[in-house]
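**Q** Can you keep this structure in mind? I'll have questions shortly.
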Amino acid sequence: MRPHHYKFLIYLFAISLFVSSCSSDDNSVPPEIDNPNENGLTDYQLSVVSYFKQVALGFEFGNASKITRKWTTTMKVFVAGTPSTALRTELDRIVSEINTLVSDGFKIEIVDDVNQSNFYVFFGTGGQYANLYPDQSSLVANNWGLFSIFWDGSNALNNGHMYVDINRANDAEQKHLLREELTQSLGLARDSTRFPDSIFQSEWTRTTRYATIDKDLIKLLYHPDMEIGLNATQVEALLIRILKTP
């Protein structure tokens with residue numbers, strides 16, 4: 001049995017907005033890059049810009065604006081449930097990789113006090129996760145991993161939670177789901193069919209490593225010059241400028 005793939009978006013008409021997600025079946029192609037032969041980028045860099053626009057703008061379903069969103073404060077992760085030693089080690093590894101890729105002052109910390117955290121990582125069954133977050137009840141039956149993120153009025157991400165099903169998924173799949181859901185919680189929330197080895201691949205995979213292009217997307221979203229609230233046209237211009245800077 002493989003997990004089904006879909007996303008679910010809910011608005012909370014309060015201080016924050018909320019999105020819940022696993023994987024995607026939205027394979028829409030992002031807008032083409034304007035004047036691709038005039039911007040001085042390599043073919044690979046053009047792919048990075050196009051892929052960034054596909055993955056980093058908005059969410060799969062609902063009416064949330066298709067703009068850039070990212071954390072501007074430290075993501076403080078509290079681990080709950082019953083993770084194996086291997087999963088805890090994998091979480092440490094993923095956090096270390098992300099912290100090495102970002103350069104705008106953002107970082108992820110693992111904390112021991114839930115009251116000091118702003119992101120809750122749960123390892124357990126879907127039913128247990130739904131007991132903690134009842135609004136996930138309709139999703140856990142067919143999804144082995146989910147993430148939910150909140151943002152403030154300026155579109156800065158500031159809170160969230162996720163889970164990995166340690167009952168239905170085997171060890172390799174658990175590691176894959178952990179990497180996928182945590183990475184998408186950074187603001188890279190959409191999936192794609194374009195790159196089979198990408199962590200954002202919409203088809204079911206078991207990859208436990210970032211593809212080179214995945215690393216570049218993380219670097220760009222958490223680049224000091226990257227801004228929150230940019231639409232496709234605005235972010236394309238900024239990405240080209242960042243990529244052309246020595």
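Lettering and numbering for the structure tokens are positional, with chains as A, B, ... in the shown order, residues counted from 1 in each chain, and ligands counted from 1 in the shown order.
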Excluding Asn99 (chain A) and any residue of its chain fewer than 5 positions from it, enumerate the residues within 8 Å of it, using only C-alpha atoms, and give them as a PDB file with all heavy atoms, in the first residue's frame.
**A**
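What ended up in part-v1.pdb:
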ATOM      1  N   PHE A 106      18.394  32.622   9.396  1.00  0.00           N
ATOM      2  CA  PHE A 106      17.460  31.592   9.849  1.00  0.00           C
ATOM      3  C   PHE A 106      18.223  30.337  10.267  1.00  0.00           C
ATOM      4  O   PHE A 106      19.283  30.023   9.724  1.00  0.00           O
ATOM      5  CB  PHE A 106      16.492  31.237   8.726  1.00  0.00           C
ATOM      6  CG  PHE A 106      15.675  29.996   8.987  1.00  0.00           C
ATOM      7  CD1 PHE A 106      14.619  30.012   9.867  1.00  0.00           C
ATOM      8  CD2 PHE A 106      15.990  28.806   8.346  1.00  0.00           C
ATOM      9  CE1 PHE A 106      13.863  28.865  10.116  1.00  0.00           C
ATOM     10  CE2 PHE A 106      15.247  27.656   8.570  1.00  0.00           C
ATOM     11  CZ  PHE A 106      14.184  27.691   9.465  1.00  0.00           C
ATOM     12  N   LYS A 107      17.669  29.621  11.235  1.00  0.00           N
ATOM     13  CA  LYS A 107      18.206  28.318  11.594  1.00  0.00           C
ATOM     14  C   LYS A 107      17.124  27.491  12.261  1.00  0.00           C
ATOM     15  O   LYS A 107      16.088  28.011  12.685  1.00  0.00           O
ATOM     16  CB  LYS A 107      19.413  28.446  12.520  1.00  0.00           C
ATOM     17  CG  LYS A 107      19.113  29.058  13.879  1.00  0.00           C
ATOM     18  CD  LYS A 107      20.381  29.099  14.741  1.00  0.00           C
ATOM     19  CE  LYS A 107      20.088  29.737  16.093  1.00  0.00           C
ATOM     20  NZ  LYS A 107      21.299  29.736  16.961  1.00  0.00           N
ATOM     21  N   ILE A 108      17.374  26.201  12.341  1.00  0.00           N
ATOM     22  CA  ILE A 108      16.486  25.276  13.042  1.00  0.00           C
ATOM     23  C   ILE A 108      17.196  24.787  14.284  1.00  0.00           C
ATOM     24  O   ILE A 108      18.368  24.416  14.233  1.00  0.00           O
ATOM     25  CB  ILE A 108      16.103  24.074  12.159  1.00  0.00           C
ATOM     26  CG1 ILE A 108      15.466  24.532  10.853  1.00  0.00           C
ATOM     27  CG2 ILE A 108      15.149  23.142  12.915  1.00  0.00           C
ATOM     28  CD1 ILE A 108      15.136  23.395   9.896  1.00  0.00           C
TER      29      ILE A 108
END
**Q** For the alpha helix (DSSP H) assignment from backbone DSSP, which residues of region 96-234 of chain A qualify? Please present them as a ChimeraX atom specification.
**A** /A:96-101,126-132,171-184,212-221,232-234
**Q** Those selected residues, please, written with N, CA, C and O atoms and delivered as a compact mmCIF listing (two decimals), in the first residue's frame.
**A**
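Okay, again.txt is ready:
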# COMPACT_ATOMS: atom_id res chain seq x y z
N SER A 96 20.92 19.71 10.31
CA SER A 96 22.28 20.15 10.04
C SER A 96 22.45 20.55 8.58
O SER A 96 23.07 21.57 8.26
N GLU A 97 21.88 19.76 7.68
CA GLU A 97 21.97 20.06 6.25
C GLU A 97 21.29 21.40 5.94
O GLU A 97 21.84 22.24 5.22
N ILE A 98 20.08 21.58 6.46
CA ILE A 98 19.36 22.82 6.20
C ILE A 98 20.11 24.02 6.76
O ILE A 98 20.26 25.05 6.09
N ASN A 99 20.60 23.89 7.98
CA ASN A 99 21.32 25.01 8.60
C ASN A 99 22.59 25.36 7.83
O ASN A 99 23.03 26.52 7.86
N THR A 100 23.15 24.40 7.14
CA THR A 100 24.33 24.67 6.33
C THR A 100 23.97 25.38 5.03
O THR A 100 24.74 26.18 4.51
N LEU A 101 22.77 25.13 4.52
CA LEU A 101 22.35 25.69 3.24
C LEU A 101 21.83 27.12 3.35
O LEU A 101 21.95 27.90 2.41
N GLY A 126 -1.34 7.82 12.55
CA GLY A 126 -2.22 8.88 12.10
C GLY A 126 -3.30 9.20 13.10
O GLY A 126 -3.67 10.35 13.32
N GLY A 127 -3.83 8.16 13.76
CA GLY A 127 -4.87 8.38 14.76
C GLY A 127 -4.38 9.19 15.94
O GLY A 127 -5.08 10.05 16.45
N GLN A 128 -3.16 8.89 16.36
CA GLN A 128 -2.59 9.65 17.48
C GLN A 128 -2.38 11.12 17.10
O GLN A 128 -2.63 12.02 17.90
N TYR A 129 -1.93 11.34 15.89
CA TYR A 129 -1.73 12.71 15.41
C TYR A 129 -3.07 13.45 15.34
O TYR A 129 -3.17 14.61 15.72
N ALA A 130 -4.10 12.76 14.85
CA ALA A 130 -5.42 13.37 14.75
C ALA A 130 -5.99 13.68 16.12
O ALA A 130 -6.76 14.64 16.28
N ASN A 131 -5.64 12.89 17.13
CA ASN A 131 -6.08 13.20 18.49
C ASN A 131 -5.47 14.50 18.98
O ASN A 131 -6.10 15.27 19.71
N LEU A 132 -4.23 14.75 18.57
CA LEU A 132 -3.57 16.00 18.94
C LEU A 132 -4.09 17.18 18.13
O LEU A 132 -4.25 18.29 18.65
N ASP A 171 11.18 1.84 7.57
CA ASP A 171 12.25 2.73 8.04
C ASP A 171 12.68 3.74 6.99
O ASP A 171 12.83 4.93 7.27
N ALA A 172 12.91 3.28 5.76
CA ALA A 172 13.34 4.18 4.68
C ALA A 172 12.25 5.19 4.36
O ALA A 172 12.53 6.38 4.13
N GLU A 173 11.01 4.74 4.35
CA GLU A 173 9.90 5.64 4.04
C GLU A 173 9.71 6.68 5.14
O GLU A 173 9.37 7.84 4.86
N GLN A 174 9.93 6.29 6.38
CA GLN A 174 9.85 7.25 7.48
C GLN A 174 10.88 8.36 7.30
O GLN A 174 10.58 9.54 7.50
N LYS A 175 12.09 8.00 6.93
CA LYS A 175 13.14 9.00 6.72
C LYS A 175 12.79 9.92 5.55
O LYS A 175 13.02 11.12 5.60
N HIS A 176 12.24 9.35 4.50
CA HIS A 176 11.81 10.15 3.35
C HIS A 176 10.73 11.15 3.75
O HIS A 176 10.81 12.34 3.42
N LEU A 177 9.72 10.65 4.45
CA LEU A 177 8.61 11.52 4.85
C LEU A 177 9.08 12.62 5.79
O LEU A 177 8.64 13.77 5.69
N LEU A 178 9.97 12.29 6.69
CA LEU A 178 10.52 13.30 7.60
C LEU A 178 11.20 14.41 6.83
O LEU A 178 10.95 15.60 7.07
N ARG A 179 12.04 14.05 5.88
CA ARG A 179 12.75 15.06 5.08
C ARG A 179 11.77 15.88 4.24
O ARG A 179 11.88 17.11 4.16
N GLU A 180 10.82 15.21 3.61
CA GLU A 180 9.88 15.91 2.74
C GLU A 180 9.02 16.90 3.52
O GLU A 180 8.91 18.08 3.15
N GLU A 181 8.39 16.44 4.60
CA GLU A 181 7.46 17.31 5.33
C GLU A 181 8.19 18.46 6.02
O GLU A 181 7.70 19.60 6.03
N LEU A 182 9.35 18.19 6.60
CA LEU A 182 10.10 19.25 7.26
C LEU A 182 10.58 20.29 6.25
O LEU A 182 10.49 21.49 6.49
N THR A 183 11.07 19.83 5.11
CA THR A 183 11.55 20.76 4.09
C THR A 183 10.42 21.60 3.52
O THR A 183 10.58 22.81 3.32
N GLN A 184 9.28 21.00 3.29
CA GLN A 184 8.16 21.77 2.76
C GLN A 184 7.64 22.77 3.78
O GLN A 184 7.09 23.81 3.42
N THR A 212 20.51 18.09 -6.07
CA THR A 212 21.23 19.36 -6.15
C THR A 212 20.27 20.53 -6.30
O THR A 212 20.44 21.57 -5.66
N ILE A 213 19.24 20.36 -7.09
CA ILE A 213 18.30 21.46 -7.30
C ILE A 213 17.49 21.75 -6.04
O ILE A 213 17.10 22.89 -5.79
N ASP A 214 17.24 20.73 -5.21
CA ASP A 214 16.56 20.95 -3.93
C ASP A 214 17.41 21.86 -3.04
O ASP A 214 16.89 22.79 -2.41
N LYS A 215 18.70 21.57 -2.99
CA LYS A 215 19.61 22.40 -2.18
C LYS A 215 19.61 23.83 -2.67
O LYS A 215 19.61 24.78 -1.87
N ASP A 216 19.58 24.00 -3.99
CA ASP A 216 19.59 25.35 -4.53
C ASP A 216 18.31 26.11 -4.20
O ASP A 216 18.34 27.31 -3.94
N LEU A 217 17.18 25.41 -4.17
CA LEU A 217 15.92 26.08 -3.80
C LEU A 217 15.95 26.53 -2.35
O LEU A 217 15.50 27.63 -2.02
N ILE A 218 16.48 25.68 -1.46
CA ILE A 218 16.60 26.07 -0.06
C ILE A 218 17.53 27.27 0.09
O ILE A 218 17.23 28.24 0.80
N LYS A 219 18.66 27.20 -0.60
CA LYS A 219 19.61 28.32 -0.55
C LYS A 219 18.97 29.62 -1.01
O LYS A 219 19.20 30.68 -0.41
N LEU A 220 18.19 29.55 -2.06
CA LEU A 220 17.60 30.77 -2.63
C LEU A 220 16.48 31.32 -1.75
O LEU A 220 16.38 32.54 -1.57
N LEU A 221 15.63 30.45 -1.22
CA LEU A 221 14.55 30.95 -0.36
C LEU A 221 15.12 31.59 0.89
O LEU A 221 14.58 32.59 1.39
N ALA A 232 5.19 35.64 -8.88
CA ALA A 232 6.06 34.95 -9.84
C ALA A 232 6.94 35.92 -10.62
O ALA A 232 8.13 35.67 -10.81
N THR A 233 6.37 37.03 -11.08
CA THR A 233 7.14 37.99 -11.85
C THR A 233 8.21 38.65 -11.00
O THR A 233 9.37 38.78 -11.42
N GLN A 234 7.84 39.04 -9.79
CA GLN A 234 8.79 39.71 -8.90
C GLN A 234 9.91 38.78 -8.48
O GLN A 234 11.08 39.16 -8.46
**Q** Got a sec: who's within 12 Å of Pro196 (chain A), counting only C-alpha atoms, leaving out chain neighbours fewer than 4 positions off, as a PDB file with all heavy atoms, in the first residue's frame?
**A**
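And here is the file that came out, part_30.pdb:
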ATOM      1  N   ASP A 191       4.529  20.552  -4.808  1.00  0.00           N
ATOM      2  CA  ASP A 191       5.225  19.425  -5.399  1.00  0.00           C
ATOM      3  C   ASP A 191       5.263  19.542  -6.917  1.00  0.00           C
ATOM      4  O   ASP A 191       4.586  20.383  -7.510  1.00  0.00           O
ATOM      5  CB  ASP A 191       4.531  18.112  -5.018  1.00  0.00           C
ATOM      6  CG  ASP A 191       4.719  17.773  -3.559  1.00  0.00           C
ATOM      7  OD1 ASP A 191       5.630  18.329  -2.938  1.00  0.00           O
ATOM      8  OD2 ASP A 191       3.946  16.945  -3.048  1.00  0.00           O
ATOM      9  N   SER A 192       6.025  18.685  -7.550  1.00  0.00           N
ATOM     10  CA  SER A 192       6.201  18.727  -8.993  1.00  0.00           C
ATOM     11  C   SER A 192       6.560  17.339  -9.498  1.00  0.00           C
ATOM     12  O   SER A 192       7.122  16.527  -8.770  1.00  0.00           O
ATOM     13  CB  SER A 192       7.325  19.711  -9.346  1.00  0.00           C
ATOM     14  OG  SER A 192       7.688  19.605 -10.710  1.00  0.00           O
ATOM     15  N   PHE A 200      10.748  17.125  -3.712  1.00  0.00           N
ATOM     16  CA  PHE A 200       9.447  17.718  -4.022  1.00  0.00           C
ATOM     17  C   PHE A 200       8.711  16.953  -5.114  1.00  0.00           C
ATOM     18  O   PHE A 200       7.677  17.414  -5.603  1.00  0.00           O
ATOM     19  CB  PHE A 200       9.628  19.183  -4.445  1.00  0.00           C
ATOM     20  CG  PHE A 200      10.440  19.995  -3.483  1.00  0.00           C
ATOM     21  CD1 PHE A 200      11.702  20.452  -3.834  1.00  0.00           C
ATOM     22  CD2 PHE A 200       9.964  20.278  -2.214  1.00  0.00           C
ATOM     23  CE1 PHE A 200      12.466  21.187  -2.943  1.00  0.00           C
ATOM     24  CE2 PHE A 200      10.723  20.998  -1.314  1.00  0.00           C
ATOM     25  CZ  PHE A 200      11.978  21.458  -1.681  1.00  0.00           C
ATOM     26  N   GLN A 201       9.209  15.803  -5.484  1.00  0.00           N
ATOM     27  CA  GLN A 201       8.576  14.965  -6.503  1.00  0.00           C
ATOM     28  C   GLN A 201       7.183  14.548  -6.030  1.00  0.00           C
ATOM     29  O   GLN A 201       7.005  14.035  -4.926  1.00  0.00           O
ATOM     30  CB  GLN A 201       9.430  13.738  -6.782  1.00  0.00           C
ATOM     31  CG  GLN A 201       8.786  12.657  -7.630  1.00  0.00           C
ATOM     32  CD  GLN A 201       8.343  13.144  -9.003  1.00  0.00           C
ATOM     33  OE1 GLN A 201       7.198  12.920  -9.390  1.00  0.00           O
ATOM     34  NE2 GLN A 201       9.246  13.801  -9.715  1.00  0.00           N
ATOM     35  N   SER A 202       6.177  14.777  -6.883  1.00  0.00           N
ATOM     36  CA  SER A 202       4.796  14.507  -6.477  1.00  0.00           C
ATOM     37  C   SER A 202       4.456  13.024  -6.479  1.00  0.00           C
ATOM     38  O   SER A 202       3.560  12.589  -5.751  1.00  0.00           O
ATOM     39  CB  SER A 202       3.826  15.256  -7.389  1.00  0.00           C
ATOM     40  OG  SER A 202       4.002  14.855  -8.734  1.00  0.00           O
ATOM     41  N   GLU A 203       5.153  12.236  -7.296  1.00  0.00           N
ATOM     42  CA  GLU A 203       4.919  10.789  -7.260  1.00  0.00           C
ATOM     43  C   GLU A 203       5.597  10.202  -6.021  1.00  0.00           C
ATOM     44  O   GLU A 203       6.556  10.761  -5.490  1.00  0.00           O
ATOM     45  CB  GLU A 203       5.464  10.143  -8.530  1.00  0.00           C
ATOM     46  CG  GLU A 203       4.818  10.641  -9.816  1.00  0.00           C
ATOM     47  CD  GLU A 203       3.335  10.363  -9.877  1.00  0.00           C
ATOM     48  OE1 GLU A 203       2.917   9.307  -9.340  1.00  0.00           O
ATOM     49  OE2 GLU A 203       2.594  11.182 -10.449  1.00  0.00           O
ATOM     50  N   TRP A 204       5.100   9.058  -5.577  1.00  0.00           N
ATOM     51  CA  TRP A 204       5.637   8.442  -4.367  1.00  0.00           C
ATOM     52  C   TRP A 204       7.058   7.957  -4.600  1.00  0.00           C
ATOM     53  O   TRP A 204       7.330   7.185  -5.520  1.00  0.00           O
ATOM     54  CB  TRP A 204       4.748   7.291  -3.938  1.00  0.00           C
ATOM     55  CG  TRP A 204       5.269   6.485  -2.790  1.00  0.00           C
ATOM     56  CD1 TRP A 204       5.589   5.163  -2.802  1.00  0.00           C
ATOM     57  CD2 TRP A 204       5.520   6.938  -1.449  1.00  0.00           C
ATOM     58  NE1 TRP A 204       6.012   4.758  -1.557  1.00  0.00           N
ATOM     59  CE2 TRP A 204       5.984   5.831  -0.708  1.00  0.00           C
ATOM     60  CE3 TRP A 204       5.392   8.180  -0.810  1.00  0.00           C
ATOM     61  CZ2 TRP A 204       6.324   5.918   0.641  1.00  0.00           C
ATOM     62  CZ3 TRP A 204       5.731   8.275   0.524  1.00  0.00           C
ATOM     63  CH2 TRP A 204       6.192   7.162   1.240  1.00  0.00           C
ATOM     64  N   THR A 205       7.985   8.438  -3.781  1.00  0.00           N
ATOM     65  CA  THR A 205       9.375   7.995  -3.842  1.00  0.00           C
ATOM     66  C   THR A 205       9.846   7.685  -2.422  1.00  0.00           C
ATOM     67  O   THR A 205       9.135   7.941  -1.447  1.00  0.00           O
ATOM     68  CB  THR A 205      10.309   9.063  -4.451  1.00  0.00           C
ATOM     69  OG1 THR A 205      10.508  10.121  -3.505  1.00  0.00           O
ATOM     70  CG2 THR A 205       9.744   9.625  -5.746  1.00  0.00           C
ATOM     71  N   ARG A 206      11.060   7.177  -2.328  1.00  0.00           N
ATOM     72  CA  ARG A 206      11.650   6.892  -1.021  1.00  0.00           C
ATOM     73  C   ARG A 206      13.004   7.590  -0.872  1.00  0.00           C
ATOM     74  O   ARG A 206      13.823   7.168  -0.059  1.00  0.00           O
ATOM     75  CB  ARG A 206      11.799   5.377  -0.823  1.00  0.00           C
ATOM     76  CG  ARG A 206      10.469   4.626  -0.753  1.00  0.00           C
ATOM     77  CD  ARG A 206      10.669   3.121  -0.667  1.00  0.00           C
ATOM     78  NE  ARG A 206       9.406   2.412  -0.507  1.00  0.00           N
ATOM     79  CZ  ARG A 206       8.599   2.097  -1.503  1.00  0.00           C
ATOM     80  NH1 ARG A 206       8.931   2.423  -2.738  1.00  0.00           N
ATOM     81  NH2 ARG A 206       7.464   1.446  -1.276  1.00  0.00           N
ATOM     82  N   THR A 207      13.214   8.634  -1.642  1.00  0.00           N
ATOM     83  CA  THR A 207      14.500   9.318  -1.575  1.00  0.00           C
ATOM     84  C   THR A 207      14.738   9.905  -0.192  1.00  0.00           C
ATOM     85  O   THR A 207      13.828  10.440   0.436  1.00  0.00           O
ATOM     86  CB  THR A 207      14.595  10.433  -2.637  1.00  0.00           C
ATOM     87  OG1 THR A 207      15.880  11.039  -2.560  1.00  0.00           O
ATOM     88  CG2 THR A 207      13.524  11.491  -2.432  1.00  0.00           C
ATOM     89  N   TYR A 210      18.687  15.162  -0.575  1.00  0.00           N
ATOM     90  CA  TYR A 210      18.313  16.276  -1.431  1.00  0.00           C
ATOM     91  C   TYR A 210      18.999  16.147  -2.784  1.00  0.00           C
ATOM     92  O   TYR A 210      20.202  15.861  -2.856  1.00  0.00           O
ATOM     93  CB  TYR A 210      18.739  17.607  -0.806  1.00  0.00           C
ATOM     94  CG  TYR A 210      17.968  18.013   0.426  1.00  0.00           C
ATOM     95  CD1 TYR A 210      18.641  18.406   1.582  1.00  0.00           C
ATOM     96  CD2 TYR A 210      16.581  18.037   0.422  1.00  0.00           C
ATOM     97  CE1 TYR A 210      17.946  18.799   2.713  1.00  0.00           C
ATOM     98  CE2 TYR A 210      15.874  18.411   1.555  1.00  0.00           C
ATOM     99  CZ  TYR A 210      16.561  18.796   2.691  1.00  0.00           C
ATOM    100  OH  TYR A 210      15.868  19.174   3.812  1.00  0.00           O
ATOM    101  N   ALA A 211      18.249  16.385  -3.846  1.00  0.00           N
ATOM    102  CA  ALA A 211      18.869  16.563  -5.153  1.00  0.00           C
ATOM    103  C   ALA A 211      19.590  17.911  -5.152  1.00  0.00           C
ATOM    104  O   ALA A 211      19.290  18.787  -4.333  1.00  0.00           O
ATOM    105  CB  ALA A 211      17.803  16.531  -6.242  1.00  0.00           C
ATOM    106  N   ILE A 213      19.237  20.365  -7.092  1.00  0.00           N
ATOM    107  CA  ILE A 213      18.303  21.459  -7.302  1.00  0.00           C
ATOM    108  C   ILE A 213      17.486  21.747  -6.038  1.00  0.00           C
ATOM    109  O   ILE A 213      17.097  22.889  -5.787  1.00  0.00           O
ATOM    110  CB  ILE A 213      17.389  21.189  -8.523  1.00  0.00           C
ATOM    111  CG1 ILE A 213      16.798  22.514  -9.027  1.00  0.00           C
ATOM    112  CG2 ILE A 213      16.315  20.144  -8.214  1.00  0.00           C
ATOM    113  CD1 ILE A 213      16.199  22.417 -10.410  1.00  0.00           C
ATOM    114  N   ASP A 214      17.243  20.729  -5.213  1.00  0.00           N
ATOM    115  CA  ASP A 214      16.563  20.953  -3.934  1.00  0.00           C
ATOM    116  C   ASP A 214      17.406  21.862  -3.043  1.00  0.00           C
ATOM    117  O   ASP A 214      16.893  22.793  -2.410  1.00  0.00           O
ATOM    118  CB  ASP A 214      16.331  19.630  -3.201  1.00  0.00           C
ATOM    119  CG  ASP A 214      15.432  18.680  -3.957  1.00  0.00           C
ATOM    120  OD1 ASP A 214      14.682  19.126  -4.841  1.00  0.00           O
ATOM    121  OD2 ASP A 214      15.492  17.467  -3.664  1.00  0.00           O
TER     122      ASP A 214
END
**Q** Quick one: residues within 8 Å of Ile240 (chain A), only C-alpha atoms counted, chain neighbours fewer than 2 positions away excluded, as a PDB file with N, CA and C atoms, in the first residue's frame?
**A**
ATOM      1  N   ASN A  39      19.028  36.973 -20.267  1.00  0.00           N
ATOM      2  CA  ASN A  39      19.314  37.236 -18.853  1.00  0.00           C
ATOM      3  C   ASN A  39      20.671  36.718 -18.407  1.00  0.00           C
ATOM      4  N   LEU A  41      21.780  33.660 -17.850  1.00  0.00           N
ATOM      5  CA  LEU A  41      21.819  32.479 -16.998  1.00  0.00           C
ATOM      6  C   LEU A  41      22.119  31.228 -17.824  1.00  0.00           C
ATOM      7  N   VAL A  49      15.307  28.648 -11.550  1.00  0.00           N
ATOM      8  CA  VAL A  49      14.337  29.743 -11.433  1.00  0.00           C
ATOM      9  C   VAL A  49      12.925  29.225 -11.675  1.00  0.00           C
ATOM     10  N   GLU A 236      11.002  36.093  -9.992  1.00  0.00           N
ATOM     11  CA  GLU A 236      11.862  35.745 -11.125  1.00  0.00           C
ATOM     12  C   GLU A 236      12.960  36.786 -11.308  1.00  0.00           C
ATOM     13  N   ALA A 237      12.581  38.044 -11.267  1.00  0.00           N
ATOM     14  CA  ALA A 237      13.575  39.110 -11.430  1.00  0.00           C
ATOM     15  C   ALA A 237      14.616  39.063 -10.315  1.00  0.00           C
ATOM     16  N   LEU A 238      14.161  38.808  -9.089  1.00  0.00           N
ATOM     17  CA  LEU A 238      15.088  38.754  -7.962  1.00  0.00           C
ATOM     18  C   LEU A 238      16.001  37.539  -8.054  1.00  0.00           C
ATOM     19  N   ILE A 242      20.060  37.461  -8.117  1.00  0.00           N
ATOM     20  CA  ILE A 242      20.865  36.724  -7.139  1.00  0.00           C
ATOM     21  C   ILE A 242      21.807  35.759  -7.854  1.00  0.00           C
ATOM     22  N   LEU A 243      21.294  35.043  -8.843  1.00  0.00           N
ATOM     23  CA  LEU A 243      22.095  34.039  -9.533  1.00  0.00           C
ATOM     24  C   LEU A 243      23.202  34.663 -10.386  1.00  0.00           C
ATOM     25  N   LYS A 244      23.002  35.876 -10.835  1.00  0.00           N
ATOM     26  CA  LYS A 244      24.015  36.544 -11.655  1.00  0.00           C
ATOM     27  C   LYS A 244      25.082  37.225 -10.813  1.00  0.00           C
TER      28      LYS A 244
END
**Q** Write out, as JSON lines, each residue of region 158-212 of chain A that has an atom at most 10 Å from region 56-79 of chain A, together with the closest pair of atoms and their distance in Å to one decimal, counting only C-alpha atoms, rows going by chain and rising number.
**A**
{"residue": "A:Asn158", "atom": "CA", "partner": "A:Trp71", "partner_atom": "CA", "distance": 6.2}
{"residue": "A:Asn159", "atom": "CA", "partner": "A:Met75", "partner_atom": "CA", "distance": 8.0}
{"residue": "A:Gly160", "atom": "CA", "partner": "A:Met75", "partner_atom": "CA", "distance": 9.3}
{"residue": "A:His161", "atom": "CA", "partner": "A:Val77", "partner_atom": "CA", "distance": 8.9}
{"residue": "A:Tyr163", "atom": "CA", "partner": "A:Val79", "partner_atom": "CA", "distance": 9.9}
{"residue": "A:Gln184", "atom": "CA", "partner": "A:Ala56", "partner_atom": "CA", "distance": 8.9}
{"residue": "A:Ser185", "atom": "CA", "partner": "A:Lys70", "partner_atom": "CA", "distance": 8.7}
{"residue": "A:Leu186", "atom": "CA", "partner": "A:Lys70", "partner_atom": "CA", "distance": 6.0}
{"residue": "A:Gly187", "atom": "CA", "partner": "A:Lys70", "partner_atom": "CA", "distance": 5.1}
{"residue": "A:Leu188", "atom": "CA", "partner": "A:Ala56", "partner_atom": "CA", "distance": 4.4}
{"residue": "A:Ala189", "atom": "CA", "partner": "A:Phe59", "partner_atom": "CA", "distance": 5.9}
{"residue": "A:Arg190", "atom": "CA", "partner": "A:Phe59", "partner_atom": "CA", "distance": 5.6}
{"residue": "A:Asp191", "atom": "CA", "partner": "A:Glu60", "partner_atom": "CA", "distance": 8.0}
**Q** Grab the residues selected above and save them as a short mmCIF file (atom, residue, chain, number, x, y, z; two decimals), in the first residue's frame with N, CA, C and O atoms.
**A**
data_model
loop_
_atom_site.label_atom_id
_atom_site.label_comp_id
_atom_site.auth_asym_id
_atom_site.auth_seq_id
_atom_site.Cartn_x
_atom_site.Cartn_y
_atom_site.Cartn_z
N ASN A 158 5.57 31.31 11.12
CA ASN A 158 5.90 31.47 12.54
C ASN A 158 5.47 30.31 13.42
O ASN A 158 5.75 30.32 14.63
N ASN A 159 4.85 29.28 12.87
CA ASN A 159 4.39 28.17 13.70
C ASN A 159 4.00 27.01 12.81
O ASN A 159 3.72 27.19 11.62
N GLY A 160 3.96 25.80 13.39
CA GLY A 160 3.51 24.67 12.61
C GLY A 160 3.69 23.35 13.31
O GLY A 160 4.20 23.28 14.43
N HIS A 161 3.26 22.30 12.64
CA HIS A 161 3.43 20.94 13.17
C HIS A 161 3.39 19.96 12.01
O HIS A 161 2.92 20.27 10.90
N TYR A 163 3.73 15.33 11.07
CA TYR A 163 3.85 13.97 11.61
C TYR A 163 4.39 13.02 10.56
O TYR A 163 4.28 13.26 9.35
N GLN A 184 9.28 21.00 3.29
CA GLN A 184 8.16 21.77 2.76
C GLN A 184 7.64 22.77 3.78
O GLN A 184 7.09 23.81 3.42
N SER A 185 7.85 22.47 5.05
CA SER A 185 7.44 23.40 6.11
C SER A 185 8.29 24.66 6.14
O SER A 185 7.96 25.62 6.84
N LEU A 186 9.37 24.68 5.37
CA LEU A 186 10.20 25.88 5.27
C LEU A 186 9.57 26.94 4.37
O LEU A 186 10.01 28.09 4.35
N GLY A 187 8.54 26.55 3.61
CA GLY A 187 7.92 27.45 2.66
C GLY A 187 8.05 26.97 1.23
O GLY A 187 7.63 27.66 0.30
N LEU A 188 8.60 25.78 1.04
CA LEU A 188 8.70 25.15 -0.28
C LEU A 188 7.59 24.11 -0.35
O LEU A 188 7.83 22.91 -0.30
N ALA A 189 6.36 24.57 -0.46
CA ALA A 189 5.20 23.77 -0.09
C ALA A 189 4.50 23.08 -1.25
O ALA A 189 3.54 22.35 -1.04
N ARG A 190 4.97 23.28 -2.47
CA ARG A 190 4.31 22.64 -3.60
C ARG A 190 5.18 21.52 -4.16
O ARG A 190 6.40 21.53 -4.03
N ASP A 191 4.53 20.55 -4.81
CA ASP A 191 5.23 19.43 -5.40
C ASP A 191 5.26 19.54 -6.92
O ASP A 191 4.59 20.38 -7.51
#
**Q** Out of A:Leu230, A:Val111, A:Arg168, A:Tyr120, which residue has the shortest atom-to-atom distance to Asn142 (chain A) when counting only C-alpha atoms?
**A** A:Arg168
**Q** How many Å lie between CA of Arg194 (chain A) and CA of Thr208 (chain A), rounded to one decimal?
**A**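 Going from CA of Arg194 (chain A) over to CA of Thr208 (chain A), I get 17.6 Å.
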**Q** Step one, run DSSP on the backbone; step two, keep only residues of region 71-183 of chain A assigned to strand (DSSP E or B); then write them as an MDAnalysis selection string.
**A** chainID A and resid 71 75:81 108:111 119:124 145:151 156:165
**Q** Calculated over only C-alpha atoms, which of the candidates A:Pro246, A:Gly81, A:Gly229, A:Pro134 has the smallest distance to Asn155 (chain A)?
**A**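 For Asn155 (chain A), the nearest of the candidates is A:Gly229.
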**Q** Find the residue from A:Ser137, A:Gln45, A:Glu227, A:Thr85 that sits nearest to Ser154 (chain A); use only C-alpha atoms when measuring.
**A** A:Glu227
**Q** Between CA of Phe147 (chain A) and CA of Phe119 (chain A), what is the spacing in Å?
**A**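 If I compute the distance from CA of Phe119 (chain A) to CA of Phe147 (chain A), I get 10.0 Å.
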